[in-house]
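> Below is one structure. I have some questions about it.
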2 protein chains.
Amino acid sequence: MTETTLPPAAPSRRWADALRALGRRVTRQRLAALSAIEASPHATADDVVQALRAELSGITVQSVYVILADLTDAGLLRRIETPHSPARYETRINDNHHHAVCTSCGRIEDVDCAVGHAPCLTPHWSSGAQPMTIQVAEVLYQGICEACRNSPPTN
Amino acid sequence: MTETTLPPAAPSRRWADALRALGRRVTRQRLAALSAIEASPHATADDVVQALRAELSGITVQSVYVILADLTDAGLLRRIETPHSPARYETRINDNHHHAVCTSCGRIEDVDCAVGHAPCLTPHWSSGAQPMTIQVAEVLYQGICEACRNSPPTN
DNA sequence: TAGTTATTGTGAGTTACTCATAATTACTGG
DNA sequence: CCAGTAATTATGAGTAACTCACAATAACTA
């Protein structure tokens with residue numbers, strides 16, 4: 001069969017293009033990091049290291065930290081910080097969606113932005129507060145996931 | 001005058017009562033920590049150490065961490081985590097208010113909850129997400145404060 | 001194909017905490 | 001008021017998650 005349905009394939013090609021469009025160099029490490037995170041969203045730096053060891057055997061934790069920080073402020077990754085967990089990364093960056101974290105097991109789920117545009121983007125300042133010019137509003141939901149709710153707290 | 005307008009006075013008395021009501025012991029360290037944080041909201045653990053050294057000269061950083069963690073899960077303090085900053089603490093805990101952080105200087109301001117009750121407390125799960133039972137929604141606004149906006153980026 | 005310089009690799013260092021265990025000290029009960 | 005017994009606090013060591021400086025490498029470019 002010929003290429004009628006351009007497969008989701010060539011993901012590395014897409015990332016390569018994105019990097020070039022930003023004037024950044026295209027490296028094996030960056031491509032590997034980006035597709036690893038695309039494949040498993042909310043991955044931690046450590047998860048990424050594990051994933052990359054498969055194809056880039058000698059990669060170090062420090063390099064991964066540099067790469068992630070770099071891709072993050074290049075705008076290709078979004079960094080998520082949840083309580084009592086190392087930072088997580090995802091490639092879904094163009095919608096401002098939010099996250100819900102299970103306070104019991106730490107699992108994270110995506111939540112679409114309810115209002116479409118950021119909710120309550122015009123804050124009501126507390127008395128005495130110096131107002132700021134707001135750029136983004138991130139919502140972090142905390143609760144209990146199904147699995148934890150159903151399983152007896154085994155501790 | 002008799003006690004018509006119970007003065008804001010005796011703050012340590014109030015905290016002592018609060019501790020007792022929870023069945024926790026009333027100690028100099030706890031009272032000092034609580035009033036230090038009440039006096040300067042959004043204080044970091046380190047800020048608290050500095051403040052406490054005045055009255056409790058020999059106090060250590062580790063003790064302060066223990067005290068703060070303890071008061072936090074006793075429900076007398078609320079812990080705030082903002083990106084690229086150590087955790088902060090505040091005594092304002094009974095309204096679910098939010099925070100705005102200046103991405104340039106890190107200053108934090110309080111934001112009243114616009115909707116009264118938590119905004120978007122019924123999340124719209126992304127497709128494929130396992131819904132959870134939500135308990136709280138925290139909103140973190142990020143922007144630029146007046147001071148930073150007006151001052152030339154001196155770097 | 002060589003040169004320039006953005007990336008990556010390496011090793012050490014830091015920040016923000018946590019843990020185990022010993023020493024105190026606040027609240028009983030007598 | 002005094003002793004007893006936990007709850008707190010102090011102490012020292014240890015850890016997780018990064019960050020930094022500098023040397024080595026490899027992408028782009030001319």
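Identifiers in this document derive from the order of the structure tokens: chains are assigned A, B, ..., residues are numbered from 1 separately in each chain, and ligands are numbered from 1 in order of occurrence.
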Just the residues within 9 Å of Ser85 (chain B), please, counting only C-alpha atoms (C1' of nucleotides), with nothing from its chain fewer than 4 positions along; format it as a ChimeraX atom specification.

/B:44,81,106

> Taking every C-alpha atom in sequence order, what RMSD do you get when chain B is least-squares fitted onto chain A?

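Once chain B is overlaid on chain A, the RMSD is 1.0 Å.
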
> Taking only C-alpha atoms (C1' of nucleotides) into account, find every residue of chain B that has an atom no more than 9 Å from chain C, and write it out as JSON, numbers by chain.

{"B": [25, 26, 27, 62, 65, 86, 87]}

> Could you pull out the strand (DSSP E or B) residues of region 1-110 of chain B, going by DSSP on the backbone, and write them as a VMD selection string?

chain B and resid 43 to 44 78 to 80 88 to 90 98 to 102 108 to 110

> Would you mind listing, as a PyMOL selection string, all residues of chain D that have at least one atom within 10 Å of chain B, where only C-alpha atoms (C1' of nucleotides) are what counts?

chain D and resi 7-11
